[in-house]
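Structure file protein.cif (mmCIF, C-alpha atoms) is printed below.
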data_data
#
loop_
_atom_site.label_atom_id
_atom_site.label_comp_id
_atom_site.auth_asym_id
_atom_site.auth_seq_id
_atom_site.Cartn_x
_atom_site.Cartn_y
_atom_site.Cartn_z
CA MET A 1 0.00 0.00 0.00
CA ALA A 2 1.64 3.24 -1.18
CA LEU A 3 2.24 5.88 1.45
CA THR A 4 0.92 9.38 0.84
CA LEU A 5 2.61 12.60 1.92
CA SER A 6 0.35 12.73 4.98
CA GLY A 7 1.23 9.12 5.79
CA LEU A 8 4.96 9.82 5.70
CA TYR A 9 4.42 12.96 7.77
CA HIS A 10 2.44 11.10 10.42
CA MET A 11 5.03 8.33 10.70
CA ALA A 12 7.90 10.83 11.00
CA ALA A 13 6.06 12.89 13.63
CA PHE A 14 5.17 9.79 15.64
CA ALA A 15 8.80 8.60 15.57
CA TRP A 16 9.99 12.06 16.66
CA TYR A 17 7.62 12.24 19.63
CA ALA A 18 8.41 8.66 20.64
CA PHE A 19 12.10 9.62 20.71
CA VAL A 20 11.46 12.78 22.77
CA VAL A 21 9.22 10.98 25.29
CA THR A 22 11.78 8.17 25.66
CA SER A 23 14.55 10.74 26.23
CA LEU A 24 12.51 12.45 28.94
CA MET A 25 11.58 9.21 30.67
CA ALA A 26 15.27 8.31 30.80
CA LYS A 27 15.78 11.38 33.01
CA HIS A 28 13.45 9.95 35.67
CA GLY A 29 15.48 8.97 38.70
CA GLU A 30 18.47 11.19 37.95
CA ASP A 31 19.67 13.76 40.47
CA LEU A 32 17.34 16.50 39.24
CA PRO A 33 16.63 19.83 40.98
CA SER A 34 14.45 19.59 44.09
CA GLY A 35 10.77 19.08 43.31
CA ILE A 36 11.12 18.42 39.58
CA PHE A 37 10.01 14.78 39.54
CA VAL A 38 8.73 14.52 43.12
CA TYR A 39 5.36 12.74 43.32
CA GLY A 40 4.05 11.72 39.94
CA GLY A 41 7.30 12.15 38.06
CA PRO A 42 6.88 13.85 34.67
CA TRP A 43 3.21 12.81 34.60
CA LYS A 44 2.18 15.93 36.53
CA TYR A 45 3.44 18.33 33.88
CA LEU A 46 1.12 19.48 31.11
CA THR A 47 4.13 19.71 28.82
CA PHE A 48 4.83 15.98 29.20
CA LEU A 49 1.16 15.04 28.95
CA ASN A 50 0.97 17.12 25.78
CA LEU A 51 3.90 15.19 24.31
CA LEU A 52 2.00 11.97 24.98
CA LEU A 53 -1.08 13.51 23.37
CA GLN A 54 0.89 14.54 20.27
CA MET A 55 2.52 11.11 20.02
CA SER A 56 -0.85 9.39 20.42
CA PHE A 57 -2.48 11.49 17.72
CA PHE A 58 0.26 10.89 15.18
CA GLY A 59 0.25 7.20 16.06
CA VAL A 60 -3.49 7.02 15.41
CA ALA A 61 -3.07 9.06 12.22
CA ALA A 62 -0.30 6.76 10.97
CA ALA A 63 -2.44 3.70 11.75
CA SER A 64 -5.32 5.30 9.85
CA ASP A 65 -3.06 5.87 6.84
CA LEU A 66 -1.73 2.32 6.84
CA HIS A 67 -4.89 0.40 7.63
CA PRO A 68 -6.12 -1.22 4.38
CA PHE A 69 -9.79 -1.06 5.37
CA VAL A 70 -9.96 2.60 6.38
CA LYS A 71 -12.76 4.50 4.68
CA SER A 72 -13.39 8.23 4.78
CA GLU A 73 -16.07 7.81 7.45
CA SER A 74 -14.45 4.98 9.43
CA PHE A 75 -14.30 5.02 13.23
CA LEU A 76 -10.51 5.37 13.16
CA THR A 77 -10.68 8.40 10.88
CA GLN A 78 -13.42 10.01 12.96
CA PHE A 79 -11.43 9.41 16.15
CA LYS A 80 -8.31 10.90 14.54
CA ASP A 81 -10.22 14.04 13.53
CA LEU A 82 -11.78 14.38 16.98
CA LEU A 83 -8.43 13.94 18.70
CA PHE A 84 -6.71 16.54 16.55
CA SER A 85 -9.44 19.17 16.43
CA VAL A 86 -10.53 19.14 20.08
CA PHE A 87 -7.33 18.28 21.91
CA THR A 88 -4.11 17.94 19.90
CA PHE A 89 -4.13 21.31 18.16
CA PRO A 90 -5.55 23.59 20.89
CA VAL A 91 -3.65 22.01 23.78
CA GLY A 92 -0.39 21.78 21.86
CA THR A 93 -0.62 25.38 20.69
CA TYR A 94 -1.56 26.51 24.21
CA VAL A 95 1.50 24.83 25.75
CA VAL A 96 3.84 26.57 23.31
CA LEU A 97 2.26 30.03 23.68
CA LEU A 98 1.86 29.99 27.46
CA PHE A 99 5.35 28.64 28.08
CA TRP A 100 7.15 31.26 26.00
CA ILE A 101 5.01 34.13 27.28
CA LEU A 102 5.81 33.19 30.88
CA PHE A 103 9.44 32.41 30.02
CA ALA A 104 9.85 35.87 28.49
CA TYR A 105 8.27 37.50 31.55
CA ASP A 106 10.11 35.52 34.24
CA ARG A 107 11.49 32.09 33.46
CA GLU A 108 11.68 31.19 37.15
CA LEU A 109 7.88 31.03 37.17
CA VAL A 110 7.77 28.16 34.71
CA TYR A 111 11.26 26.83 33.83
CA PRO A 112 13.88 27.67 36.48
CA ALA A 113 17.45 28.19 35.28
CA THR A 114 18.63 25.25 37.39
CA ILE A 115 16.91 22.91 34.92
CA ASN A 116 19.36 23.90 32.16
CA ALA A 117 22.02 21.66 33.68
CA PHE A 118 19.79 18.60 33.30
CA PHE A 119 17.78 19.25 30.13
CA PRO A 120 19.78 20.30 27.06
CA ALA A 121 18.39 23.10 24.91
CA TRP A 122 17.11 20.71 22.25
CA ILE A 123 14.81 18.99 24.78
CA ASN A 124 13.40 22.34 25.86
CA HIS A 125 12.63 23.24 22.25
CA ALA A 126 11.27 19.77 21.54
CA MET A 127 8.82 20.23 24.41
CA HIS A 128 7.97 23.90 24.00
CA THR A 129 8.78 25.07 20.46
CA PHE A 130 8.74 22.41 17.76
CA VAL A 131 5.24 21.29 18.76
CA LEU A 132 3.69 24.29 16.99
CA PRO A 133 5.33 23.91 13.54
CA VAL A 134 4.54 20.18 13.59
CA LEU A 135 0.89 21.02 14.27
CA LEU A 136 0.81 23.62 11.51
CA GLY A 137 2.33 21.03 9.20
CA GLU A 138 -0.54 18.70 10.01
CA VAL A 139 -3.02 21.43 9.09
CA LEU A 140 -1.34 21.68 5.69
CA VAL A 141 -1.06 17.98 4.83
CA GLN A 142 -4.55 16.76 5.77
CA PRO A 143 -8.05 18.23 6.36
CA HIS A 144 -9.94 17.42 9.55
CA SER A 145 -13.61 17.33 10.44
CA TYR A 146 -14.54 19.52 13.42
CA PRO A 147 -17.40 18.84 15.88
CA LYS A 148 -19.88 21.42 17.10
CA THR A 149 -18.18 24.11 19.16
CA GLN A 150 -20.27 23.50 22.29
CA HIS A 151 -19.33 19.82 22.28
CA ALA A 152 -15.66 20.61 21.86
CA VAL A 153 -15.71 23.21 24.65
CA ALA A 154 -17.46 20.74 26.97
CA ALA A 155 -14.80 18.12 26.27
CA LEU A 156 -11.97 20.61 26.78
CA GLY A 157 -13.58 21.80 30.01
CA ALA A 158 -13.81 18.26 31.36
CA VAL A 159 -10.16 17.59 30.58
CA GLY A 160 -9.18 20.96 32.07
CA VAL A 161 -11.00 20.22 35.33
CA ALA A 162 -9.37 16.78 35.47
CA TYR A 163 -5.89 18.26 35.08
CA LEU A 164 -6.58 21.03 37.62
CA SER A 165 -7.74 18.37 40.09
CA TRP A 166 -4.50 16.46 39.52
CA VAL A 167 -2.41 19.63 40.10
CA LEU A 168 -4.29 20.38 43.34
CA TRP A 169 -3.89 16.77 44.48
CA VAL A 170 -0.13 16.98 44.00
CA TYR A 171 0.01 20.21 46.03
CA LEU A 172 -2.15 18.82 48.85
CA SER A 173 -0.11 15.60 48.91
CA VAL A 174 3.45 16.94 48.96
CA GLY A 175 3.08 20.72 49.30
CA ILE A 176 4.74 21.47 45.96
CA TRP A 177 3.07 23.31 43.11
CA VAL A 178 3.60 21.72 39.72
CA TYR A 179 4.51 25.17 38.39
CA PRO A 180 6.11 27.88 40.59
CA ILE A 181 3.76 30.54 39.21
CA LEU A 182 0.79 28.89 40.96
CA ALA A 183 2.26 29.75 44.37
CA HIS A 184 1.65 33.43 43.62
CA PHE A 185 -2.14 33.06 43.36
CA SER A 186 -4.82 33.13 46.03
CA SER A 187 -7.68 30.62 45.82
CA SER A 188 -9.81 33.08 43.85
CA GLY A 189 -6.80 33.94 41.73
CA LEU A 190 -6.27 30.29 40.87
CA ALA A 191 -9.92 29.99 39.81
CA ALA A 192 -9.63 33.11 37.63
CA PHE A 193 -6.36 31.83 36.14
CA PHE A 194 -8.00 28.51 35.30
CA PHE A 195 -11.00 30.09 33.59
CA PHE A 196 -8.77 32.49 31.67
CA ASN A 197 -6.69 29.61 30.38
CA MET A 198 -9.81 27.68 29.40
CA PHE A 199 -10.94 30.75 27.46
CA VAL A 200 -7.58 30.85 25.65
CA VAL A 201 -7.75 27.14 24.81
CA THR A 202 -11.27 27.64 23.43
CA LEU A 203 -10.02 30.45 21.21
CA LEU A 204 -7.25 28.17 19.98
CA TYR A 205 -9.83 25.50 19.14
CA LEU A 206 -11.72 28.09 17.06
CA LEU A 207 -8.43 29.15 15.45
CA GLY A 208 -7.73 25.56 14.45
CA ASP A 209 -11.20 25.27 12.93
CA LYS A 210 -10.71 28.49 10.97
CA LEU A 211 -7.27 27.46 9.70
CA ASN A 212 -8.63 24.07 8.67
CA ARG A 213 -11.48 25.64 6.71
CA ARG A 214 -9.23 28.28 5.16
CA VAL A 215 -6.60 25.80 3.98
CA TRP A 216 -9.10 23.14 2.87
CA LYS A 217 -11.97 25.35 1.73
CA HIS A 218 -12.45 23.16 -1.36
CA PHE A 219 -13.30 20.23 0.95
CA GLN A 220 -16.62 19.86 2.73
CA VAL A 221 -15.95 19.99 6.46
CA HIS A 222 -18.78 18.58 8.54
CA HIS A 223 -19.84 20.45 11.68
#

Would you put the structure from the file into structure tokens?
Amino acid sequence: MALTLSGLYHMAAFAWYAFVVTSLMAKHGEDLPSGIFVYGGPWKYLTFLNLLLQMSFFGVAAASDLHPFVKSESFLTQFKDLLFSVFTFPVGTYVVLLFWILFAYDRELVYPATINAFFPAWINHAMHTFVLPVLLGEVLVQPHSYPKTQHAVAALGAVGVAYLSWVLWVYLSVGIWVYPILAHFSSSGLAAFFFFNMFVVTLLYLLGDKLNRRVWKHFQVHH
């Protein structure tokens, strides 16, 4: 079965993310700065969870490309579109934008300088920079069907609440915030910060939808 451009792209992206995730997991157990991998290891960081999300999407996309029985409306194709439109694009874009905005303001709030001795620059960019161009590449190589906005927002909200609960659990369990910036907020401030970030992620979902329709306007995109 001949591979298309999108198929080659999906396989390359999956291999890249598998390599990055493996490299990060190899750091677990090393003499890292205090609090970095305490309680939950890398699994408490949105950056790491996003890498798993990106790897999962491109794995599903590659499987969809290679499966000989895939049809345009197959379950695997529908799942791939749902995964990309609702989660992979908005969450991945959000991680890149938020990280570099906070890094530019005060890196100690999100990526303390002490980490540089343990994570080389290429890992930082693999986690926080290259995600965006890979996502934009996906927009260019293949169209995606987007669900109704209210359904997507509900799904994003549920995932957001789940992650916030996990962050609070880590803090209540070991007294360490996943990200140093969270220590600067009051309870009401944390709630406002959460809702603001959900608003941003929703806007990024809408941006992904608009980009998809603009690039693939000659395709019928079902809503």

**Residues in the PyMOL selection byres ((chain A and resi 121-130) around 7), expressed as an MDAnalysis selection string** = chainID A and resid 47 95:96 99 119:120 131:134

Ala26 in chain A proximity check over A:Ala12, A:Gly41, A:Leu206, A:Val200, using all atoms listed in the file: winner is A:Gly41

Could you tell me which residues the PyMOL selection byres ((chain A and resi 192-196) around 12) returns for this structure, as a ChimeraX atom specification?
-> /A:94,98,156-157,160-165,167,181-182,184-191,197-203

Once you have the residues from the selection above, write them out as a compact mmCIF listing (two decimals), keeping the file's coordinate frame, restricted to C-alpha atoms.
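Now in again_28.txt:
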# COMPACT_ATOMS: atom_id res chain seq x y z
CA TYR A 94 -1.56 26.51 24.21
CA LEU A 98 1.86 29.99 27.46
CA LEU A 156 -11.97 20.61 26.78
CA GLY A 157 -13.58 21.80 30.01
CA GLY A 160 -9.18 20.96 32.07
CA VAL A 161 -11.00 20.22 35.33
CA ALA A 162 -9.37 16.78 35.47
CA TYR A 163 -5.89 18.26 35.08
CA LEU A 164 -6.58 21.03 37.62
CA SER A 165 -7.74 18.37 40.09
CA VAL A 167 -2.41 19.63 40.10
CA ILE A 181 3.76 30.54 39.21
CA LEU A 182 0.79 28.89 40.96
CA HIS A 184 1.65 33.43 43.62
CA PHE A 185 -2.14 33.06 43.36
CA SER A 186 -4.82 33.13 46.03
CA SER A 187 -7.68 30.62 45.82
CA SER A 188 -9.81 33.08 43.85
CA GLY A 189 -6.80 33.94 41.73
CA LEU A 190 -6.27 30.29 40.87
CA ALA A 191 -9.92 29.99 39.81
CA ASN A 197 -6.69 29.61 30.38
CA MET A 198 -9.81 27.68 29.40
CA PHE A 199 -10.94 30.75 27.46
CA VAL A 200 -7.58 30.85 25.65
CA VAL A 201 -7.75 27.14 24.81
CA THR A 202 -11.27 27.64 23.43
CA LEU A 203 -10.02 30.45 21.21

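Closest approach to Val86 in chain A among A:Ala155, A:Val215, A:Leu5, A:Val178: A:Ala155, based on only C-alpha atoms.
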
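CA of Ala183 in chain A sits 23.9 Å away from CA of Ala117 in chain A.
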
I'd like to see the residues matched by the PyMOL selection byres ((chain A and resi 7) around 12) on this file, and ideally I'd get them as a compact mmCIF listing (two decimals) with C-alpha atoms, in the frame of the given file.
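File expr.txt, as written:
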# COMPACT_ATOMS: atom_id res chain seq x y z
CA MET A 1 0.00 0.00 0.00
CA ALA A 2 1.64 3.24 -1.18
CA LEU A 3 2.24 5.88 1.45
CA THR A 4 0.92 9.38 0.84
CA LEU A 5 2.61 12.60 1.92
CA SER A 6 0.35 12.73 4.98
CA LEU A 8 4.96 9.82 5.70
CA TYR A 9 4.42 12.96 7.77
CA HIS A 10 2.44 11.10 10.42
CA MET A 11 5.03 8.33 10.70
CA ALA A 12 7.90 10.83 11.00
CA ALA A 13 6.06 12.89 13.63
CA PHE A 14 5.17 9.79 15.64
CA PHE A 58 0.26 10.89 15.18
CA GLY A 59 0.25 7.20 16.06
CA VAL A 60 -3.49 7.02 15.41
CA ALA A 61 -3.07 9.06 12.22
CA ALA A 62 -0.30 6.76 10.97
CA ALA A 63 -2.44 3.70 11.75
CA SER A 64 -5.32 5.30 9.85
CA ASP A 65 -3.06 5.87 6.84
CA LEU A 66 -1.73 2.32 6.84
CA HIS A 67 -4.89 0.40 7.63
CA GLU A 138 -0.54 18.70 10.01
CA VAL A 141 -1.06 17.98 4.83
CA GLN A 142 -4.55 16.76 5.77

### Task
May I have the protein, DNA and RNA residues with any atom at most 9 Å from the point (3.3, 13.9, 22.1), counting only C-alpha atoms, written as a ChimeraX atom specification?
/A:13-14,16-18,20-21,47-58,88,92,127,131

Here CA of Lys217 in chain A and CA of Lys80 in chain A stand apart by 19.7 Å

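Residue nearest Lys27 in chain A within the list A:Val170, A:Ile101, A:Val159, A:Ile115: A:Ile115 [criterion: smallest interatomic distance, only C-alpha atoms].
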
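Proximity to Trp43 in chain A was assessed for A:Leu204, A:Trp166, A:His218, A:Asn116 counting only C-alpha atoms; the smallest distance is recorded for A:Trp166.
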
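Within the 12 Å cut-off around Pro147 in chain A, using all atoms listed in the file and omitting residues fewer than 2 positions from it on the same chain, the listed residues are Gln78, Phe79, Asp81, Leu82, Leu83, Phe84, Ser85, Val86, Phe87, His144, Ser145, Thr149, Gln150, His151, Ala152, Val153, Ala154, Ala155, Tyr205, Leu206, Gly208, Asp209, Val221, His222 and His223 of chain A.
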
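You will find CA of Val110 in chain A at 5.8 Å from CA of Tyr179 in chain A.
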
Got a moment to write range 92-105 of chain A out with all heavy atoms, as a CSV table (one decimal), in the first residue's frame?
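File written: part01.csv
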chain,number,residue,atom,x,y,z
A,92,GLY,N,-1.8,21.6,22.3
A,92,GLY,CA,-0.4,21.8,21.9
A,92,GLY,C,0.0,23.2,21.6
A,92,GLY,O,1.1,23.7,22.0
A,93,THR,N,-0.9,24.0,21.0
A,93,THR,CA,-0.6,25.4,20.7
A,93,THR,C,-0.6,26.2,22.0
A,93,THR,O,0.3,27.1,22.2
A,93,THR,CB,-1.7,26.0,19.7
A,93,THR,OG1,-1.7,25.2,18.6
A,93,THR,CG2,-1.4,27.4,19.4
A,94,TYR,N,-1.5,25.8,22.9
A,94,TYR,CA,-1.6,26.5,24.2
A,94,TYR,C,-0.3,26.3,25.0
A,94,TYR,O,0.3,27.3,25.6
A,94,TYR,CB,-2.7,26.0,25.0
A,94,TYR,CG,-2.7,26.3,26.5
A,94,TYR,CD1,-3.2,27.6,26.9
A,94,TYR,CD2,-2.3,25.4,27.4
A,94,TYR,CE1,-3.2,27.9,28.2
A,94,TYR,CE2,-2.3,25.7,28.7
A,94,TYR,CZ,-2.7,27.0,29.2
A,94,TYR,OH,-2.7,27.3,30.5
A,95,VAL,N,0.3,25.1,25.0
A,95,VAL,CA,1.5,24.8,25.8
A,95,VAL,C,2.6,25.7,25.2
A,95,VAL,O,3.4,26.3,26.0
A,95,VAL,CB,1.9,23.3,25.7
A,95,VAL,CG1,3.3,23.1,26.1
A,95,VAL,CG2,0.9,22.5,26.5
A,96,VAL,N,2.8,25.8,23.9
A,96,VAL,CA,3.8,26.6,23.3
A,96,VAL,C,3.7,28.1,23.7
A,96,VAL,O,4.6,28.7,24.1
A,96,VAL,CB,3.9,26.4,21.8
A,96,VAL,CG1,4.9,27.4,21.1
A,96,VAL,CG2,4.2,24.9,21.4
A,97,LEU,N,2.5,28.6,23.4
A,97,LEU,CA,2.3,30.0,23.7
A,97,LEU,C,2.4,30.4,25.1
A,97,LEU,O,3.1,31.4,25.5
A,97,LEU,CB,0.9,30.4,23.2
A,97,LEU,CG,0.6,30.3,21.7
A,97,LEU,CD1,-0.8,30.7,21.4
A,97,LEU,CD2,1.6,31.2,20.9
A,98,LEU,N,1.8,29.6,26.0
A,98,LEU,CA,1.9,30.0,27.5
A,98,LEU,C,3.3,29.9,28.0
A,98,LEU,O,3.8,30.7,28.7
A,98,LEU,CB,0.9,29.1,28.3
A,98,LEU,CG,0.9,29.4,29.8
A,98,LEU,CD1,0.3,30.8,30.0
A,98,LEU,CD2,0.1,28.3,30.5
A,99,PHE,N,4.0,28.8,27.6
A,99,PHE,CA,5.4,28.6,28.1
A,99,PHE,C,6.2,29.8,27.7
A,99,PHE,O,6.9,30.4,28.6
A,99,PHE,CB,6.0,27.4,27.5
A,99,PHE,CG,7.4,27.2,27.9
A,99,PHE,CD1,7.8,26.7,29.2
A,99,PHE,CD2,8.4,27.6,27.0
A,99,PHE,CE1,9.1,26.6,29.5
A,99,PHE,CE2,9.8,27.5,27.4
A,99,PHE,CZ,10.1,26.9,28.6
A,100,TRP,N,6.2,30.2,26.4
A,100,TRP,CA,7.1,31.3,26.0
A,100,TRP,C,6.7,32.6,26.5
A,100,TRP,O,7.6,33.5,26.7
A,100,TRP,CB,7.3,31.2,24.5
A,100,TRP,CG,8.2,30.0,24.1
A,100,TRP,CD1,7.8,28.9,23.4
A,100,TRP,CD2,9.6,29.8,24.4
A,100,TRP,NE1,8.8,28.1,23.2
A,100,TRP,CE2,9.9,28.6,23.8
A,100,TRP,CE3,10.5,30.6,25.1
A,100,TRP,CZ2,11.2,28.1,23.9
A,100,TRP,CZ3,11.8,30.1,25.2
A,100,TRP,CH2,12.1,28.9,24.6
A,101,ILE,N,5.5,32.9,26.7
A,101,ILE,CA,5.0,34.1,27.3
A,101,ILE,C,5.5,34.2,28.7
A,101,ILE,O,6.1,35.3,29.1
A,101,ILE,CB,3.5,34.3,27.2
A,101,ILE,CG1,3.0,34.5,25.8
A,101,ILE,CG2,3.0,35.4,28.1
A,101,ILE,CD1,1.5,34.4,25.6
A,102,LEU,N,5.3,33.2,29.5
A,102,LEU,CA,5.8,33.2,30.9
A,102,LEU,C,7.3,33.2,31.0
A,102,LEU,O,7.9,33.9,31.8
A,102,LEU,CB,5.2,32.0,31.6
A,102,LEU,CG,3.7,32.0,31.9
A,102,LEU,CD1,3.3,30.7,32.5
A,102,LEU,CD2,3.4,33.2,32.8
A,103,PHE,N,8.0,32.5,30.1
A,103,PHE,CA,9.4,32.4,30.0
A,103,PHE,C,10.0,33.8,29.8
A,103,PHE,O,11.0,34.2,30.4
A,103,PHE,CB,9.9,31.4,28.9
A,103,PHE,CG,11.4,31.1,29.0
A,103,PHE,CD1,11.8,30.0,29.6
A,103,PHE,CD2,12.3,32.0,28.3
A,103,PHE,CE1,13.2,29.7,29.6
A,103,PHE,CE2,13.6,31.7,28.3
A,103,PHE,CZ,14.1,30.6,29.0
A,104,ALA,N,9.4,34.5,28.8
A,104,ALA,CA,9.8,35.9,28.5
A,104,ALA,C,9.6,36.8,29.7
A,104,ALA,O,10.4,37.7,29.9
A,104,ALA,CB,9.1,36.4,27.2
A,105,TYR,N,8.6,36.6,30.4
A,105,TYR,CA,8.3,37.5,31.5
A,105,TYR,C,9.2,37.2,32.7
A,105,TYR,O,9.8,38.1,33.3
A,105,TYR,CB,6.8,37.3,32.0
A,105,TYR,CG,6.4,38.1,33.2
A,105,TYR,CD1,6.3,39.5,33.2
A,105,TYR,CD2,6.2,37.5,34.4
A,105,TYR,CE1,6.0,40.2,34.3
A,105,TYR,CE2,5.9,38.2,35.6
A,105,TYR,CZ,5.8,39.6,35.5
A,105,TYR,OH,5.5,40.3,36.6
